[in-house]
Amino acid sequence: MHDGLPEGPARFLINIAHNLNNGEVRGNQYCTYSESLSTEPEFTGAFVAEPVPGFVSPKGIRKARKSLRDGLLFLAGERGTGRRTLARTLLGVSPDGDAVIHCLNADLDFATWRPEPGAAHGYLVDGLPSLLIQSQATIVAVRESLLAAGAVMLVILPEGLCLDDRTVGLLGPALVRCHPPLAEEVFAARFQAAVPDEAERGLVTRGLPQEFPKNVLPRDGSPQDAMDVLEAVRNFPHELRGSRMAAIRSALDETADGEVRELLPEWFRDQNLRHALISAAVFTGRPPEVVTEQARRLARIAGTGPHQDEYWSLEDLLRPAGVRVETVRHGPGDAPVRVVFARSRWADAILRRVWQGPLAEPTARWLRTVAEAELIAPAGRALALSAVHHPRLAQLTRIRSSAVSRDPCGPKVAAAALQTIMADTPHSAEVAARLSGWAGGSDERLRYVTALTCGGEVGAMPARVASTLIVRLVRSLEADPAPRVAGAVDEALTDLFHRGDRAAVLRELERWTESDHAEAQYATTAFPRLLSRHLTWFHAHIAEGTGTRSVALLIRRVLRSRSGPALRDTLLAWQRFARLDPDGAEAFEAVMAAVREDRHPGVRRILAVLDQQY
């Protein structure tokens, strides 16, 4: 009855290079696969479709099911968005048991083709059936003949296909674009399906950080990104010597580099696509207007246009390269429409290739001349890749050029690049040594960038490294009191207090006050600022009983210094605040009792003021 099927039970696995269906099926199977990343596979024969283990329903699956029940469904989407996984799942649902599917060639003459009743539950076309979508009459005739034969047809359109308005209107509700589910959800579901036992899953992930897989799966990652990570986890067991996380990252980057290496020459032939791809790689996750504007600015810097009367649609230009413009939000702070790579690691892979080619210099000038504050961080992250494409030695030439440039945002872009290297590469120790040299040097511009690097977002630089660099900067300010550097150092210490272990920062300040160098005086000026800005935290800290000694000691040493008068108003405010908090008043009095043990005139003078108030 079903021509082309083997005798006995059979399962079907669409095993296409770098598509979500990669996996394992035990027993008899038909495999059709593509060796090339840039060509579509040709399906032949017949198979029994089964749902994918660990399948996560994407947005729009209800619409897809309804269209398929009506006889005909067209699935569109970019590479890695799960079109074939969704197809397997939709075709695998049959009320009669096994769903027998026949594969049809996209070049078939659908004007004359009609399904044979009872020959199959469904038909799969992987490609663009141009003869099917050429007229409404052909579509209606095929749909009616499918329903009469008790079958359905699913068409997987080529990735990145640009459909004109006429074709979109012709297909109507039968056209469904794949919007993939969150990569983390796909990873969790497929991991559980592959390793059902919870204890065994614990063994598989042994040695990986607690935040895994968030630290390797971007928020905008595709289902294929999740499958790549899962494959890497299973390829690098926990018995691996050295850093397992580093090995997983390296394997993922190596895969992305190999894929992009094959595809990039074709993409870069079109100069508009070339600049748009580089801009999208740097500013992925940003609105298309930002990516378009920055692509045009890069073209002008590179000396290749664009002409004033030239217009191109970013979405249509990037879609063949696996970049989509989506409207899905993850949170209230996200752009409602943004540019996203279907394969997230391709963005960095593209930039690594750029830094090794003729576009490196114009790209460096382009990045350090961004004008918007919100673009500094992604520009710095892209610039960081210019330093770490060498496996052993960090090349800071282009970052240094940005640091000493006269461009308003150049130093901040350089600092963001250095923060990226310090936080997420094996070159952190080497770069910390370079920064130490900059911090103690005579070039005010490099000292300023070093101070900016010590500040920044959570986890940008290890606290111990940041505090060591701040000390060197403070000592350099004694010989060359550059106001810009001094302000950046103050901001860096404040950021360090905000983002890290605050008690540890207080212990560091305490240690500085014991020094015979410039950091002793700096600590006595910095502590009053921190106490004034974070009075509520200090009050809670001493109430816990662990911070009394450290806080009291810092107060005493500040009052002994030239900065003592700066602490007067803050201590008065703290005293008033403590009197309103019965639970904390006792802790505050304990701190003051420890301060009173110091008989220094500066200490006694301020305490007398406190006593006069109450």
# chains A, B, ... in the order shown; residues from 1 in each chain; ligands from 1
>>> select_by_dssp(residues="segment 97-296 of chain A", states="helix (DSSP H, G or I)", output="PyMOL selection string")
chain A and resi 136-149+165-174+183-194+198-204+223-235+244-267+271-282+288-296
>>> residues_around(residues="Leu161 of chain A", least_positions_apart="3", cutoff="9 Å", atoms="only C-alpha atoms", output="list in words")
Ala76, Gly77, Glu78, Leu128, Leu157, Pro158, Asp316, Arg319 and Pro320 of chain A
>>> write_last_selection(atoms="all heavy atoms", output="CSV table (one decimal), in the first residue's frame")
chain,number,residue,atom,x,y,z
A,76,ALA,N,7.8,29.0,7.0
A,76,ALA,CA,8.9,29.9,6.6
A,76,ALA,C,9.7,30.2,7.8
A,76,ALA,O,9.2,30.1,9.0
A,76,ALA,CB,8.4,31.2,6.0
A,77,GLY,N,11.0,30.5,7.6
A,77,GLY,CA,11.8,30.9,8.8
A,77,GLY,C,13.3,30.8,8.4
A,77,GLY,O,13.7,30.3,7.3
A,78,GLU,N,14.1,31.3,9.3
A,78,GLU,CA,15.5,31.4,9.0
A,78,GLU,C,16.2,30.1,9.5
A,78,GLU,O,15.6,29.2,10.2
A,78,GLU,CB,16.2,32.6,9.8
A,78,GLU,CG,15.9,33.9,9.1
A,78,GLU,CD,14.5,34.4,9.2
A,78,GLU,OE1,13.9,34.1,10.3
A,78,GLU,OE2,13.9,35.0,8.2
A,128,LEU,N,11.2,25.3,-2.5
A,128,LEU,CA,10.3,26.3,-3.1
A,128,LEU,C,9.5,25.7,-4.2
A,128,LEU,O,10.0,25.5,-5.3
A,128,LEU,CB,11.0,27.5,-3.5
A,128,LEU,CG,10.1,28.6,-4.1
A,128,LEU,CD1,9.1,29.1,-3.1
A,128,LEU,CD2,10.9,29.8,-4.7
A,157,LEU,N,9.6,26.0,3.3
A,157,LEU,CA,10.2,27.0,2.4
A,157,LEU,C,11.7,27.1,2.7
A,157,LEU,O,12.1,27.0,3.9
A,157,LEU,CB,9.4,28.3,2.5
A,157,LEU,CG,8.0,28.3,2.0
A,157,LEU,CD1,7.3,29.6,2.3
A,157,LEU,CD2,7.9,27.9,0.6
A,158,PRO,N,12.5,27.5,1.7
A,158,PRO,CA,13.9,27.7,1.9
A,158,PRO,C,14.2,28.8,3.0
A,158,PRO,O,13.4,29.7,3.1
A,158,PRO,CB,14.4,28.1,0.6
A,158,PRO,CG,13.4,27.5,-0.4
A,158,PRO,CD,12.1,27.6,0.3
A,316,ASP,N,15.1,42.4,4.4
A,316,ASP,CA,15.2,41.7,3.1
A,316,ASP,C,16.7,41.4,2.8
A,316,ASP,O,17.1,40.3,2.3
A,316,ASP,CB,14.6,42.4,2.0
A,316,ASP,CG,13.1,42.5,2.1
A,316,ASP,OD1,12.5,41.7,2.9
A,316,ASP,OD2,12.5,43.3,1.4
A,319,ARG,N,18.0,38.6,5.6
A,319,ARG,CA,17.3,37.3,5.8
A,319,ARG,C,18.1,36.2,5.1
A,319,ARG,O,18.2,35.1,5.8
A,319,ARG,CB,15.9,37.4,5.3
A,319,ARG,CG,15.1,36.1,5.5
A,319,ARG,CD,13.7,36.2,5.0
A,319,ARG,NE,12.9,37.2,5.7
A,319,ARG,CZ,12.3,38.2,5.1
A,319,ARG,NH1,12.5,38.4,3.8
A,319,ARG,NH2,11.6,39.1,5.8
A,320,PRO,N,18.7,36.3,3.9
A,320,PRO,CA,19.4,35.2,3.4
A,320,PRO,C,20.6,34.8,4.2
A,320,PRO,O,21.1,33.7,4.0
A,320,PRO,CB,19.8,35.7,2.0
A,320,PRO,CG,18.8,36.8,1.7
A,320,PRO,CD,18.5,37.4,3.0
>>> select_by_dssp(residues="segment 112-323 of chain A", states="strand (DSSP E)", output="JSON, numbers by chain")
{"A": [122, 123, 124, 125, 126, 152, 153, 154, 155, 156, 175, 176, 177, 323]}
>>> residues_around(residues="Val168 of chain A", least_positions_apart="2", cutoff="12 Å", atoms="only C-alpha atoms", output="tab-separated table (two decimals) with C-alpha atoms, in the first residue's frame")
chain	number	residue	atom	x	y	z
A	74	PHE	CA	3.76	26.52	4.26
A	76	ALA	CA	8.88	29.86	6.58
A	133	ILE	CA	2.40	28.95	-5.68
A	134	GLN	CA	2.09	30.46	-9.13
A	135	SER	CA	-1.71	30.73	-9.01
A	136	GLN	CA	-4.63	30.62	-6.60
A	161	LEU	CA	13.28	33.29	1.43
A	162	CYS	CA	11.94	36.75	0.54
A	163	LEU	CA	8.30	36.47	-0.50
A	164	ASP	CA	6.71	39.35	-2.36
A	165	ASP	CA	3.37	40.80	-1.31
A	166	ARG	CA	1.54	38.97	-4.09
A	170	LEU	CA	-1.80	34.19	-2.36
A	171	LEU	CA	-0.81	31.82	0.47
A	172	GLY	CA	-2.90	33.65	3.05
A	173	PRO	CA	-3.33	31.86	6.40
A	174	ALA	CA	-1.57	28.78	5.03
A	175	LEU	CA	1.75	30.66	5.43
A	176	VAL	CA	3.21	30.40	8.95
A	177	ARG	CA	6.56	31.88	9.96
>>> residues_around(residues="Leu607 of chain A", least_positions_apart="2", cutoff="12 Å", atoms="only C-alpha atoms", output="PyMOL selection string")
chain A and resi 555-556+559+564-565+567-569+571-572+575+589+591-605+609-614
>>> residues_around(residues="segment 366-370 of chain A", least_positions_apart="3", cutoff="12 Å", atoms="only C-alpha atoms", output="PyMOL selection string")
chain A and resi 275+278-279+282-283+290+293-303+359-363+373-384+386+398-417
>>> write_last_selection(atoms="C-alpha atoms", output="PDB file, in the first residue's frame")
ATOM      1  CA  HIS A 275      28.217  46.405   6.066  1.00  0.00           C
ATOM      2  CA  ILE A 278      28.964  43.655  10.446  1.00  0.00           C
ATOM      3  CA  SER A 279      26.591  46.190  11.974  1.00  0.00           C
ATOM      4  CA  VAL A 282      27.970  44.293  16.689  1.00  0.00           C
ATOM      5  CA  PHE A 283      24.525  45.612  17.562  1.00  0.00           C
ATOM      6  CA  VAL A 290      20.096  51.422  14.806  1.00  0.00           C
ATOM      7  CA  GLU A 293      22.167  53.734  10.616  1.00  0.00           C
ATOM      8  CA  GLN A 294      25.394  52.155  11.863  1.00  0.00           C
ATOM      9  CA  ALA A 295      25.761  50.091   8.666  1.00  0.00           C
ATOM     10  CA  ARG A 296      25.534  53.252   6.581  1.00  0.00           C
ATOM     11  CA  ARG A 297      28.051  55.009   8.841  1.00  0.00           C
ATOM     12  CA  LEU A 298      30.463  52.076   8.453  1.00  0.00           C
ATOM     13  CA  ALA A 299      30.054  52.267   4.663  1.00  0.00           C
ATOM     14  CA  ARG A 300      30.970  55.950   4.697  1.00  0.00           C
ATOM     15  CA  ILE A 301      34.044  55.336   6.853  1.00  0.00           C
ATOM     16  CA  ALA A 302      35.107  52.454   4.600  1.00  0.00           C
ATOM     17  CA  GLY A 303      34.664  54.729   1.587  1.00  0.00           C
ATOM     18  CA  LEU A 359      38.009  45.814   6.927  1.00  0.00           C
ATOM     19  CA  ALA A 360      39.771  45.755  10.313  1.00  0.00           C
ATOM     20  CA  GLU A 361      40.986  49.371  10.282  1.00  0.00           C
ATOM     21  CA  PRO A 362      37.738  51.025   9.103  1.00  0.00           C
ATOM     22  CA  THR A 363      35.822  48.839  11.574  1.00  0.00           C
ATOM     23  CA  ALA A 373      25.953  56.132  25.119  1.00  0.00           C
ATOM     24  CA  GLU A 374      23.838  52.974  24.805  1.00  0.00           C
ATOM     25  CA  LEU A 375      26.026  51.748  21.931  1.00  0.00           C
ATOM     26  CA  ILE A 376      29.330  51.996  23.828  1.00  0.00           C
ATOM     27  CA  ALA A 377      29.037  48.569  25.502  1.00  0.00           C
ATOM     28  CA  PRO A 378      28.334  46.552  22.297  1.00  0.00           C
ATOM     29  CA  ALA A 379      30.993  48.548  20.421  1.00  0.00           C
ATOM     30  CA  GLY A 380      33.506  47.739  23.163  1.00  0.00           C
ATOM     31  CA  ARG A 381      32.592  44.081  23.138  1.00  0.00           C
ATOM     32  CA  ALA A 382      33.190  43.946  19.383  1.00  0.00           C
ATOM     33  CA  LEU A 383      36.505  45.790  19.761  1.00  0.00           C
ATOM     34  CA  ALA A 384      37.574  43.231  22.372  1.00  0.00           C
ATOM     35  CA  SER A 386      40.252  42.358  17.878  1.00  0.00           C
ATOM     36  CA  ARG A 398      43.395  48.743  18.295  1.00  0.00           C
ATOM     37  CA  ILE A 399      42.061  49.068  21.838  1.00  0.00           C
ATOM     38  CA  ARG A 400      44.983  51.352  22.705  1.00  0.00           C
ATOM     39  CA  SER A 401      44.271  53.452  19.608  1.00  0.00           C
ATOM     40  CA  SER A 402      40.693  53.882  20.799  1.00  0.00           C
ATOM     41  CA  ALA A 403      41.941  54.754  24.298  1.00  0.00           C
ATOM     42  CA  VAL A 404      44.183  57.597  23.121  1.00  0.00           C
ATOM     43  CA  SER A 405      41.887  58.857  20.345  1.00  0.00           C
ATOM     44  CA  ARG A 406      40.271  62.279  20.436  1.00  0.00           C
ATOM     45  CA  ASP A 407      36.870  60.808  19.709  1.00  0.00           C
ATOM     46  CA  PRO A 408      34.496  61.640  22.597  1.00  0.00           C
ATOM     47  CA  CYS A 409      33.482  58.016  23.194  1.00  0.00           C
ATOM     48  CA  GLY A 410      36.784  56.418  22.157  1.00  0.00           C
ATOM     49  CA  PRO A 411      38.154  55.981  25.725  1.00  0.00           C
ATOM     50  CA  LYS A 412      34.842  54.557  26.956  1.00  0.00           C
ATOM     51  CA  VAL A 413      34.693  52.074  24.071  1.00  0.00           C
ATOM     52  CA  ALA A 414      38.265  51.012  24.890  1.00  0.00           C
ATOM     53  CA  ALA A 415      37.323  50.547  28.559  1.00  0.00           C
ATOM     54  CA  ALA A 416      34.288  48.451  27.604  1.00  0.00           C
ATOM     55  CA  ALA A 417      36.558  46.286  25.434  1.00  0.00           C
TER      56      ALA A 417
END
>>> residues_around(residues="Gly456 of chain A", least_positions_apart="3", cutoff="10 Å", atoms="only C-alpha atoms", output="PyMOL selection string")
chain A and resi 377+415-416+419+451-453+459-461+491-492+494-496+498-499
>>> atom_distance(atom1="atom CA of Leu104 of chain A", atom2="atom CA of Val125 of chain A")
5.2 Å
